[in-house]
Every structure is written in structure tokens, then in C-alpha cells.
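Asks: Next up, protein.pdb (PDB, C-alpha atoms, pLDDT in the B column).
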```pdb
MODEL        1
ATOM      1  CA  MET A   1       0.000   0.000   0.000  1.00 89.00           C
ATOM      2  CA  THR A   2       1.322   3.430  -0.977  1.00 96.00           C
ATOM      3  CA  GLN A   3       0.982   6.128   1.652  1.00 97.00           C
ATOM      4  CA  ILE A   4       0.812   9.777   0.624  1.00 98.00           C
ATOM      5  CA  LEU A   5       1.390  12.557   3.141  1.00 98.00           C
ATOM      6  CA  PHE A   6      -0.005  15.883   1.980  1.00 98.00           C
ATOM      7  CA  ILE A   7       1.153  19.093   3.654  1.00 97.00           C
ATOM      8  CA  GLN A   8      -1.132  21.989   2.719  1.00 96.00           C
ATOM      9  CA  ALA A   9       0.541  25.268   3.658  1.00 95.00           C
ATOM     10  CA  SER A  10      -1.674  27.841   1.978  1.00 91.00           C
ATOM     11  CA  PRO A  11      -3.603  29.927   4.546  1.00 87.00           C
ATOM     12  CA  ARG A  12      -6.362  30.530   1.999  1.00 84.00           C
ATOM     13  CA  ALA A  13      -9.109  27.909   1.846  1.00 76.00           C
ATOM     14  CA  LYS A  14      -9.515  28.375  -1.918  1.00 81.00           C
ATOM     15  CA  SER A  15      -6.174  29.078  -3.535  1.00 91.00           C
ATOM     16  CA  ILE A  16      -4.201  28.093  -6.581  1.00 95.00           C
ATOM     17  CA  ALA A  17      -2.003  25.946  -4.356  1.00 94.00           C
ATOM     18  CA  HIS A  18      -5.095  24.119  -3.051  1.00 93.00           C
ATOM     19  CA  ASN A  19      -6.515  23.567  -6.527  1.00 95.00           C
ATOM     20  CA  LEU A  20      -3.277  22.265  -7.988  1.00 97.00           C
ATOM     21  CA  ALA A  21      -2.720  20.046  -4.962  1.00 97.00           C
ATOM     22  CA  ASP A  22      -6.168  18.534  -5.454  1.00 97.00           C
ATOM     23  CA  GLN A  23      -5.275  17.789  -9.063  1.00 97.00           C
ATOM     24  CA  LEU A  24      -1.924  16.296  -8.068  1.00 98.00           C
ATOM     25  CA  LEU A  25      -3.488  14.054  -5.419  1.00 98.00           C
ATOM     26  CA  CYS A  26      -6.076  12.824  -7.930  1.00 97.00           C
ATOM     27  CA  ARG A  27      -3.287  12.086 -10.385  1.00 98.00           C
ATOM     28  CA  LEU A  28      -1.265  10.188  -7.789  1.00 97.00           C
ATOM     29  CA  GLN A  29      -4.292   8.145  -6.782  1.00 97.00           C
ATOM     30  CA  LEU A  30      -4.762   7.163 -10.417  1.00 97.00           C
ATOM     31  CA  LEU A  31      -1.115   6.126 -10.620  1.00 97.00           C
ATOM     32  CA  TYR A  32      -1.246   4.311  -7.282  1.00 96.00           C
ATOM     33  CA  PRO A  33      -4.794   2.904  -6.898  1.00 96.00           C
ATOM     34  CA  ASP A  34      -3.993   1.433  -3.485  1.00 96.00           C
ATOM     35  CA  ALA A  35      -2.817   4.782  -2.105  1.00 96.00           C
ATOM     36  CA  THR A  36      -4.058   6.280   1.127  1.00 97.00           C
ATOM     37  CA  VAL A  37      -3.757  10.020   1.799  1.00 97.00           C
ATOM     38  CA  THR A  38      -2.991  11.650   5.130  1.00 97.00           C
ATOM     39  CA  THR A  39      -3.610  15.405   5.023  1.00 96.00           C
ATOM     40  CA  ARG A  40      -1.926  17.867   7.348  1.00 96.00           C
ATOM     41  CA  ASP A  41      -3.612  21.208   6.659  1.00 95.00           C
ATOM     42  CA  LEU A  42      -1.731  24.105   8.214  1.00 93.00           C
ATOM     43  CA  ILE A  43      -4.493  26.630   7.469  1.00 86.00           C
ATOM     44  CA  ASP A  44      -5.238  27.113  11.177  1.00 81.00           C
ATOM     45  CA  GLY A  45      -1.573  27.435  12.043  1.00 80.00           C
ATOM     46  CA  ILE A  46       0.619  25.135  14.066  1.00 89.00           C
ATOM     47  CA  PRO A  47       2.168  25.490  17.538  1.00 90.00           C
ATOM     48  CA  LEU A  48       5.595  27.083  17.631  1.00 91.00           C
ATOM     49  CA  VAL A  49       8.653  25.476  19.165  1.00 91.00           C
ATOM     50  CA  THR A  50       9.238  27.111  22.557  1.00 91.00           C
ATOM     51  CA  ASP A  51      11.900  27.087  25.249  1.00 94.00           C
ATOM     52  CA  ALA A  52       9.834  24.575  27.225  1.00 93.00           C
ATOM     53  CA  SER A  53       9.339  22.234  24.269  1.00 91.00           C
ATOM     54  CA  ILE A  54      13.046  22.361  23.422  1.00 91.00           C
ATOM     55  CA  ALA A  55      13.864  21.439  27.029  1.00 92.00           C
ATOM     56  CA  ALA A  56      11.414  18.533  26.755  1.00 90.00           C
ATOM     57  CA  MET A  57      13.074  17.335  23.538  1.00 88.00           C
ATOM     58  CA  TYR A  58      16.444  17.164  25.282  1.00 87.00           C
ATOM     59  CA  THR A  59      15.046  15.322  28.298  1.00 91.00           C
ATOM     60  CA  PRO A  60      15.373  11.514  28.012  1.00 89.00           C
ATOM     61  CA  ALA A  61      11.995  10.018  27.171  1.00 87.00           C
ATOM     62  CA  ASP A  62      11.810   7.979  30.372  1.00 92.00           C
ATOM     63  CA  GLN A  63      12.454  11.099  32.471  1.00 94.00           C
ATOM     64  CA  ARG A  64       9.902  13.450  30.934  1.00 93.00           C
ATOM     65  CA  THR A  65       7.127  14.836  33.076  1.00 94.00           C
ATOM     66  CA  ALA A  66       3.498  14.597  32.042  1.00 93.00           C
ATOM     67  CA  ALA A  67       3.639  18.279  31.098  1.00 91.00           C
ATOM     68  CA  GLN A  68       6.697  17.688  28.895  1.00 91.00           C
ATOM     69  CA  GLN A  69       5.050  14.730  27.209  1.00 92.00           C
ATOM     70  CA  ASP A  70       2.049  16.932  26.476  1.00 90.00           C
ATOM     71  CA  LEU A  71       4.313  19.616  24.984  1.00 87.00           C
ATOM     72  CA  LEU A  72       5.799  17.076  22.587  1.00 90.00           C
ATOM     73  CA  LYS A  73       2.504  15.694  21.305  1.00 92.00           C
ATOM     74  CA  THR A  74       2.783  17.951  18.258  1.00 91.00           C
ATOM     75  CA  ALA A  75       6.284  16.698  17.488  1.00 91.00           C
ATOM     76  CA  ASP A  76       5.321  13.073  18.065  1.00 93.00           C
ATOM     77  CA  THR A  77       2.320  13.326  15.739  1.00 95.00           C
ATOM     78  CA  LEU A  78       4.076  15.199  12.933  1.00 96.00           C
ATOM     79  CA  ILE A  79       7.224  13.066  13.040  1.00 96.00           C
ATOM     80  CA  ASP A  80       5.133   9.894  13.013  1.00 96.00           C
ATOM     81  CA  GLU A  81       3.306  11.154   9.934  1.00 97.00           C
ATOM     82  CA  ILE A  82       6.460  11.872   7.963  1.00 97.00           C
ATOM     83  CA  THR A  83       8.326   8.750   9.075  1.00 96.00           C
ATOM     84  CA  SER A  84       5.547   6.194   8.745  1.00 94.00           C
ATOM     85  CA  LYS A  85       2.934   7.677   6.389  1.00 93.00           C
ATOM     86  CA  SER A  86       4.930   9.220   3.564  1.00 95.00           C
ATOM     87  CA  ASP A  87       6.017   6.841   0.845  1.00 97.00           C
ATOM     88  CA  ILE A  88       5.166   9.927  -1.210  1.00 98.00           C
ATOM     89  CA  LEU A  89       5.308  13.445   0.227  1.00 98.00           C
ATOM     90  CA  VAL A  90       3.362  16.359  -1.274  1.00 98.00           C
ATOM     91  CA  ILE A  91       3.860  19.936  -0.103  1.00 98.00           C
ATOM     92  CA  ALA A  92       1.803  22.772  -1.575  1.00 98.00           C
ATOM     93  CA  THR A  93       2.744  26.271  -0.523  1.00 97.00           C
ATOM     94  CA  PRO A  94       2.654  29.894  -1.599  1.00 97.00           C
ATOM     95  CA  MET A  95       5.569  32.270  -1.134  1.00 97.00           C
ATOM     96  CA  HIS A  96       5.169  34.881   1.608  1.00 96.00           C
ATOM     97  CA  ASN A  97       7.574  37.814   1.628  1.00 96.00           C
ATOM     98  CA  TRP A  98      10.057  35.832  -0.476  1.00 97.00           C
ATOM     99  CA  GLY A  99      10.082  32.911   1.962  1.00 98.00           C
ATOM    100  CA  MET A 100       7.885  30.051   3.110  1.00 97.00           C
ATOM    101  CA  PRO A 101       4.754  30.763   5.197  1.00 96.00           C
ATOM    102  CA  ALA A 102       5.264  30.820   8.964  1.00 95.00           C
ATOM    103  CA  ALA A 103       3.101  27.721   9.454  1.00 95.00           C
ATOM    104  CA  LEU A 104       5.238  25.670   7.057  1.00 97.00           C
ATOM    105  CA  LYS A 105       8.423  26.850   8.772  1.00 97.00           C
ATOM    106  CA  ALA A 106       6.882  25.791  12.097  1.00 96.00           C
ATOM    107  CA  TRP A 107       6.092  22.357  10.624  1.00 97.00           C
ATOM    108  CA  PHE A 108       9.709  21.946   9.548  1.00 98.00           C
ATOM    109  CA  ASP A 109      10.878  23.081  13.003  1.00 96.00           C
ATOM    110  CA  TRP A 110       8.997  20.152  14.544  1.00 95.00           C
ATOM    111  CA  VAL A 111       9.916  17.421  12.038  1.00 97.00           C
ATOM    112  CA  VAL A 112      13.581  18.203  11.342  1.00 96.00           C
ATOM    113  CA  GLN A 113      14.832  16.576  14.537  1.00 93.00           C
ATOM    114  CA  ALA A 114      18.217  15.046  15.310  1.00 91.00           C
ATOM    115  CA  ARG A 115      18.110  11.304  16.009  1.00 89.00           C
ATOM    116  CA  GLN A 116      14.622  11.061  14.528  1.00 93.00           C
ATOM    117  CA  THR A 117      14.730  12.376  10.962  1.00 96.00           C
ATOM    118  CA  PHE A 118      18.482  13.008  10.663  1.00 96.00           C
ATOM    119  CA  ARG A 119      21.649  12.321  12.611  1.00 95.00           C
ATOM    120  CA  TYR A 120      25.013  13.961  13.045  1.00 94.00           C
ATOM    121  CA  LEU A 121      27.847  11.752  11.815  1.00 94.00           C
ATOM    122  CA  PRO A 122      30.065  10.470  14.643  1.00 92.00           C
ATOM    123  CA  ASP A 123      33.218  11.924  13.107  1.00 90.00           C
ATOM    124  CA  GLY A 124      31.681  15.393  13.000  1.00 85.00           C
ATOM    125  CA  SER A 125      31.917  15.584   9.219  1.00 89.00           C
ATOM    126  CA  GLY A 126      28.271  16.427   8.629  1.00 91.00           C
ATOM    127  CA  MET A 127      24.745  15.045   8.785  1.00 93.00           C
ATOM    128  CA  GLU A 128      22.896  12.037   7.408  1.00 96.00           C
ATOM    129  CA  GLY A 129      19.193  12.035   6.621  1.00 96.00           C
ATOM    130  CA  LEU A 130      17.185   9.135   8.025  1.00 96.00           C
ATOM    131  CA  LEU A 131      14.222   9.405   5.646  1.00 96.00           C
ATOM    132  CA  GLN A 132      15.193   7.750   2.396  1.00 89.00           C
ATOM    133  CA  ASN A 133      13.267   6.680  -0.708  1.00 88.00           C
ATOM    134  CA  ARG A 134      10.436   9.196  -0.480  1.00 94.00           C
ATOM    135  CA  LYS A 135       9.327  10.667  -3.758  1.00 97.00           C
ATOM    136  CA  THR A 136       8.393  14.273  -3.056  1.00 98.00           C
ATOM    137  CA  TYR A 137       6.372  16.793  -5.033  1.00 98.00           C
ATOM    138  CA  LEU A 138       6.535  20.494  -4.265  1.00 98.00           C
ATOM    139  CA  ILE A 139       3.852  22.833  -5.580  1.00 98.00           C
ATOM    140  CA  LEU A 140       5.454  26.255  -5.175  1.00 98.00           C
ATOM    141  CA  VAL A 141       3.284  29.288  -5.946  1.00 98.00           C
ATOM    142  CA  THR A 142       4.480  32.876  -6.197  1.00 97.00           C
ATOM    143  CA  GLY A 143       2.916  36.114  -7.339  1.00 96.00           C
ATOM    144  CA  GLY A 144       5.815  36.971  -9.611  1.00 96.00           C
ATOM    145  CA  THR A 145       9.156  35.973  -8.089  1.00 97.00           C
ATOM    146  CA  LYS A 146      10.807  33.355 -10.241  1.00 97.00           C
ATOM    147  CA  LEU A 147      11.912  30.249  -8.384  1.00 97.00           C
ATOM    148  CA  HIS A 148      15.687  30.095  -7.800  1.00 97.00           C
ATOM    149  CA  ALA A 149      15.993  33.833  -8.455  1.00 97.00           C
ATOM    150  CA  ALA A 150      18.084  35.949  -6.105  1.00 97.00           C
ATOM    151  CA  MET A 151      14.999  36.998  -4.138  1.00 97.00           C
ATOM    152  CA  ASP A 152      13.678  33.437  -3.770  1.00 98.00           C
ATOM    153  CA  PHE A 153      14.556  32.435  -0.212  1.00 98.00           C
ATOM    154  CA  MET A 154      11.799  29.815  -0.092  1.00 98.00           C
ATOM    155  CA  THR A 155      12.911  27.177  -2.590  1.00 98.00           C
ATOM    156  CA  PRO A 156      16.516  26.698  -1.388  1.00 98.00           C
ATOM    157  CA  HIS A 157      15.371  26.670   2.242  1.00 98.00           C
ATOM    158  CA  ILE A 158      12.748  23.980   1.649  1.00 98.00           C
ATOM    159  CA  LEU A 159      15.144  21.891  -0.442  1.00 98.00           C
ATOM    160  CA  PHE A 160      17.873  22.147   2.204  1.00 98.00           C
ATOM    161  CA  LEU A 161      15.538  21.035   4.999  1.00 98.00           C
ATOM    162  CA  LEU A 162      14.201  18.116   2.951  1.00 98.00           C
ATOM    163  CA  ASN A 163      17.735  17.092   1.976  1.00 97.00           C
ATOM    164  CA  THR A 164      18.758  17.238   5.641  1.00 97.00           C
ATOM    165  CA  MET A 165      16.170  14.544   6.342  1.00 98.00           C
ATOM    166  CA  GLY A 166      17.460  12.483   3.411  1.00 97.00           C
ATOM    167  CA  ILE A 167      14.652  13.426   1.020  1.00 98.00           C
ATOM    168  CA  LYS A 168      16.295  14.102  -2.333  1.00 96.00           C
ATOM    169  CA  ASP A 169      13.977  12.676  -5.007  1.00 97.00           C
ATOM    170  CA  ILE A 170      12.085  15.927  -5.434  1.00 98.00           C
ATOM    171  CA  GLU A 171       9.988  17.232  -8.325  1.00 98.00           C
ATOM    172  CA  ILE A 172       8.939  20.872  -8.339  1.00 98.00           C
ATOM    173  CA  VAL A 173       5.716  22.074  -9.910  1.00 98.00           C
ATOM    174  CA  ALA A 174       6.580  25.749 -10.390  1.00 98.00           C
ATOM    175  CA  VAL A 175       3.713  28.225 -10.451  1.00 97.00           C
ATOM    176  CA  ASP A 176       5.876  31.317 -10.221  1.00 97.00           C
ATOM    177  CA  GLY A 177       3.831  34.172 -11.602  1.00 95.00           C
ATOM    178  CA  THR A 178       0.171  34.139 -10.585  1.00 96.00           C
ATOM    179  CA  GLY A 179       0.173  37.934 -10.545  1.00 95.00           C
ATOM    180  CA  LEU A 180       1.724  38.326 -13.979  1.00 96.00           C
ATOM    181  CA  PRO A 181      -0.126  39.011 -17.254  1.00 97.00           C
ATOM    182  CA  ASN A 182       0.623  35.462 -18.455  1.00 97.00           C
ATOM    183  CA  ALA A 183      -0.584  33.835 -15.223  1.00 97.00           C
ATOM    184  CA  ALA A 184      -3.077  31.626 -17.076  1.00 97.00           C
ATOM    185  CA  GLU A 185      -0.263  30.146 -19.163  1.00 97.00           C
ATOM    186  CA  ILE A 186       1.881  29.531 -16.077  1.00 97.00           C
ATOM    187  CA  ILE A 187      -0.959  27.763 -14.271  1.00 97.00           C
ATOM    188  CA  GLN A 188      -1.816  25.684 -17.333  1.00 98.00           C
ATOM    189  CA  ALA A 189       1.807  24.601 -17.669  1.00 97.00           C
ATOM    190  CA  ALA A 190       1.670  23.388 -14.064  1.00 98.00           C
ATOM    191  CA  ARG A 191      -1.542  21.479 -14.774  1.00 98.00           C
ATOM    192  CA  ASP A 192       0.037  19.882 -17.843  1.00 97.00           C
ATOM    193  CA  GLN A 193       3.078  18.875 -15.801  1.00 98.00           C
ATOM    194  CA  ILE A 194       0.862  17.203 -13.225  1.00 98.00           C
ATOM    195  CA  GLU A 195      -1.141  15.327 -15.857  1.00 97.00           C
ATOM    196  CA  GLY A 196       2.119  14.109 -17.367  1.00 96.00           C
ATOM    197  CA  LEU A 197       3.353  12.496 -14.156  1.00 93.00           C
ATOM    198  CA  ARG A 198       4.164   8.827 -14.269  1.00 91.00           C
ATOM    199  CA  ALA A 199       4.519   6.245 -11.528  1.00 84.00           C
ATOM    200  CA  THR A 200       8.065   5.781 -10.228  1.00 77.00           C
TER     201      THR A 200
ENDMDL
END
```
Translate the structure described by the file into C-alpha cells.

Replies:
Amino acid sequence: MTQILFIQASPRAKSIAHNLADQLLCRLQLLYPDATVTTRDLIDGIPLVTDASIAAMYTPADQRTAAQQDLLKTADTLIDEITSKSDILVIATPMHNWGMPAALKAWFDWVVQARQTFRYLPDGSGMEGLLQNRKTYLILVTGGTKLHAAMDFMTPHILFLLNTMGIKDIEIVAVDGTGLPNAAEIIQAARDQIEGLRAT
């Protein structure tokens, strides 16, 4: 059974990111008829990492208080979703002020965790991601900033965080220009790309 984890980061209930994500999920379910979809919609926000939650993370599990365990419920849930329910990962997000939305950054802050989704190499030479073999699709929507341009601080940040967790098989559906005169062409190109996807 193929498990798809869908992270919806657009704060707008009806957005281009939502619509394209719906199309992508339908396409994936055609390609993988046995697929199940777990949706994590960040529209209502997500708790932020705090001093208390960081202290709880660094407390051995068997020594955590009930209050600390409660603080880490968000981390436990989100990490379980990405580690055990994401043969395929889908993230749909707009660009906000040339970066990712705050809710998506908060999601990454919870799931990019040492010893759970990545580890530091014993010799101090770097890091190793612990989440391998996850095909990932990014739907990245901007009003006019071209992806990978000098002002695009979203795309490299997302790619770096995914790579840190070992996720490197990534396909980007670029919708970088919804506020431009040729927006309809840009959106149609994204739709055509999605319809052209094949099973891997």
C-alpha cells in the first residue's frame, strides 16, 4: 500500500495551491490505486517550538514529566506522519515575503529533529538524513518571483531542509507568476506537468 502525506501550507481555503494540490493528489491516486492520503492542513496554524518544548526534547523520554510529554505531542504526531505515512510526500505552498509561510516553517521546526529524521555523523563531518526513498512533489506558488531567483529564499530553504532529512527525489511544480499578465499560461503549464506524471 502506498501512503501519501499531503502538507497543505496555503492559509487561503480556496487558492491556486489548493486547486493544484487537489489535481496532483487525484493524479497520484490514479497512478497508485492502493494509495491512502494523510492530510496535514496548516491553514489554522501550528504550535511554535518554545523554550519549554526544546527542554522537553532534550530530556530523556523515560524522564519526561506529564507536562513535557504533552508539549511534545505535536512533534510526536508530525514526526510519526512523515516517518511512517509518507512513501510519497506532497507539499503545496505559496511564497510569503520571499520565503515560506510561517506555518510551514513551524512544521519543519517540529519534524527536522536530530536522532529522529536526521543524525550527526560520529566523526563530526556532517549530517545524514534518516528518511530515504520518499518521492516528493513540491507545488510552489508565487505572485511573480521566479523560483531560484536571487529573491527566492523559499525554494533553497525547503530543499535544504528536505535534503537534511534524506529526502532528495524531489519534483517541483513551479507556479511562479500568478500575478503576472501570463498567469493563465503559467498555471496551465503546471496542470500539464501534473497530468504528465508517471509512476516511479

Asks: For segment 117-125 of chain A, I'd like the enclosing box, axis-aligned and padded by 4 Å on every side, reported as JSON with centre and edge lengths in Å to one decimal.

Replies:
```
{"center_x": 24.0, "center_y": 13.0, "center_z": 11.9, "size_x": 26.5, "size_y": 13.1, "size_z": 13.4}
```

Asks: Excluding segment 1-15 of chain A and residues on its chain fewer than 6 positions from it, collect all residues at most 7 Å away from it, counting only C-alpha atoms, and give them as a list in words.

Replies: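 Contacts, with the query itself left out: Tyr32, Asp34, Ala35, Thr36, Val37, Thr38, Thr39, Arg40, Asp41, Leu42, Ile43, Lys85, Ser86, Asp87, Ile88, Leu89, Val90, Ile91, Ala92, Thr93, Pro94, Ala103 and Leu104 of chain A.
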
Asks: Quick one: which residues end up in the PyMOL selection byres ((chain A and resi 176-189) around 7) for this structure, as a ChimeraX atom specification?

Replies: /A:141-147,174-175,190-193

Asks: Could you dump the residues just selected with C-alpha atoms as a compact mmCIF listing (two decimals), in the frame of the given file?

Replies:
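See again.txt below for the written result:
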```txt
# COMPACT_ATOMS: atom_id res chain seq x y z
CA VAL A 141 3.28 29.29 -5.95
CA THR A 142 4.48 32.88 -6.20
CA GLY A 143 2.92 36.11 -7.34
CA GLY A 144 5.82 36.97 -9.61
CA THR A 145 9.16 35.97 -8.09
CA LYS A 146 10.81 33.35 -10.24
CA LEU A 147 11.91 30.25 -8.38
CA ALA A 174 6.58 25.75 -10.39
CA VAL A 175 3.71 28.22 -10.45
CA ALA A 190 1.67 23.39 -14.06
CA ARG A 191 -1.54 21.48 -14.77
CA ASP A 192 0.04 19.88 -17.84
CA GLN A 193 3.08 18.88 -15.80
```

Asks: Which polymer residues have any atom within 8 Å of an atom of Trp110 of chain A, counting all atoms listed in the file, with same-chain residues fewer than 5 positions away left out, as a PyMOL selection string?

Replies: chain A and resi 49+74-75+78-79

Asks: Running the PyMOL selection byres ((chain A and resi 150-153) around 10) on this model by hand, what would come out? Give it as a VMD selection string.

Replies: chain A and resid 95 to 100 142 145 to 149 154 to 158

Asks: What does the structure give for the distance between atom CA of Gly196 of chain A and atom CA of Asn133 of chain A, in Å to one decimal?

Replies: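 Between atom CA of Gly196 of chain A and atom CA of Asn133 of chain A the gap is 21.4 Å.
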
Asks: Do a neighbour search on Gly129 of chain A at 9 Å with all atoms listed in the file, toss out local chain neighbours closer than 6 positions, and write the hits as JSON, numbers by chain.

Replies: {"A": [117, 118, 119, 120, 162, 163, 164, 165, 166, 167]}

Asks: Report the distance between atom CA of Leu48 of chain A and atom CA of Tyr137 of chain A in Å, rounded to one decimal place.

Replies: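 Separation between atom CA of Leu48 of chain A and atom CA of Tyr137 of chain A: 24.9 Å.
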
Asks: With the file shown as input, list the residues that the PyMOL selection byres ((chain A and resi 51-53) around 10) selects, as a ChimeraX atom specification.

Replies: /A:48-50,54-59,67-75,110

Asks: From the list A:Ile46, A:Leu130, A:Ile194, A:Ile172, which residue is nearest Arg115 of chain A when using all atoms listed in the file?

Replies: A:Leu130

Asks: So how many Å separate atom CA of Asp169 of chain A and atom CA of Glu81 of chain A, to one decimal?

Replies: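 Spanning atom CA of Asp169 of chain A to atom CA of Glu81 of chain A is a straight-line distance of 18.4 Å.
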
Asks: Restricting the calculation to only C-alpha atoms, which member of A:Pro60, A:Leu24, A:Trp107, A:His18 is positioned closest to Pro47 of chain A?

Replies: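 Counting only C-alpha atoms, the residue closest to Pro47 of chain A is A:Trp107.
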
Asks: Could you write segment 24-87 of chain A of the block just shown to a file containing C-alpha atoms, as a short mmCIF file (atom, residue, chain, number, x, y, z; two decimals), in the first residue's frame?

Replies:
```
data_model
loop_
_atom_site.label_atom_id
_atom_site.label_comp_id
_atom_site.auth_asym_id
_atom_site.auth_seq_id
_atom_site.Cartn_x
_atom_site.Cartn_y
_atom_site.Cartn_z
CA LEU A 24 -1.92 16.30 -8.07
CA LEU A 25 -3.49 14.05 -5.42
CA CYS A 26 -6.08 12.82 -7.93
CA ARG A 27 -3.29 12.09 -10.38
CA LEU A 28 -1.27 10.19 -7.79
CA GLN A 29 -4.29 8.15 -6.78
CA LEU A 30 -4.76 7.16 -10.42
CA LEU A 31 -1.12 6.13 -10.62
CA TYR A 32 -1.25 4.31 -7.28
CA PRO A 33 -4.79 2.90 -6.90
CA ASP A 34 -3.99 1.43 -3.49
CA ALA A 35 -2.82 4.78 -2.10
CA THR A 36 -4.06 6.28 1.13
CA VAL A 37 -3.76 10.02 1.80
CA THR A 38 -2.99 11.65 5.13
CA THR A 39 -3.61 15.41 5.02
CA ARG A 40 -1.93 17.87 7.35
CA ASP A 41 -3.61 21.21 6.66
CA LEU A 42 -1.73 24.10 8.21
CA ILE A 43 -4.49 26.63 7.47
CA ASP A 44 -5.24 27.11 11.18
CA GLY A 45 -1.57 27.43 12.04
CA ILE A 46 0.62 25.14 14.07
CA PRO A 47 2.17 25.49 17.54
CA LEU A 48 5.60 27.08 17.63
CA VAL A 49 8.65 25.48 19.17
CA THR A 50 9.24 27.11 22.56
CA ASP A 51 11.90 27.09 25.25
CA ALA A 52 9.83 24.58 27.23
CA SER A 53 9.34 22.23 24.27
CA ILE A 54 13.05 22.36 23.42
CA ALA A 55 13.86 21.44 27.03
CA ALA A 56 11.41 18.53 26.75
CA MET A 57 13.07 17.34 23.54
CA TYR A 58 16.44 17.16 25.28
CA THR A 59 15.05 15.32 28.30
CA PRO A 60 15.37 11.51 28.01
CA ALA A 61 11.99 10.02 27.17
CA ASP A 62 11.81 7.98 30.37
CA GLN A 63 12.45 11.10 32.47
CA ARG A 64 9.90 13.45 30.93
CA THR A 65 7.13 14.84 33.08
CA ALA A 66 3.50 14.60 32.04
CA ALA A 67 3.64 18.28 31.10
CA GLN A 68 6.70 17.69 28.89
CA GLN A 69 5.05 14.73 27.21
CA ASP A 70 2.05 16.93 26.48
CA LEU A 71 4.31 19.62 24.98
CA LEU A 72 5.80 17.08 22.59
CA LYS A 73 2.50 15.69 21.30
CA THR A 74 2.78 17.95 18.26
CA ALA A 75 6.28 16.70 17.49
CA ASP A 76 5.32 13.07 18.07
CA THR A 77 2.32 13.33 15.74
CA LEU A 78 4.08 15.20 12.93
CA ILE A 79 7.22 13.07 13.04
CA ASP A 80 5.13 9.89 13.01
CA GLU A 81 3.31 11.15 9.93
CA ILE A 82 6.46 11.87 7.96
CA THR A 83 8.33 8.75 9.08
CA SER A 84 5.55 6.19 8.74
CA LYS A 85 2.93 7.68 6.39
CA SER A 86 4.93 9.22 3.56
CA ASP A 87 6.02 6.84 0.84
#
```
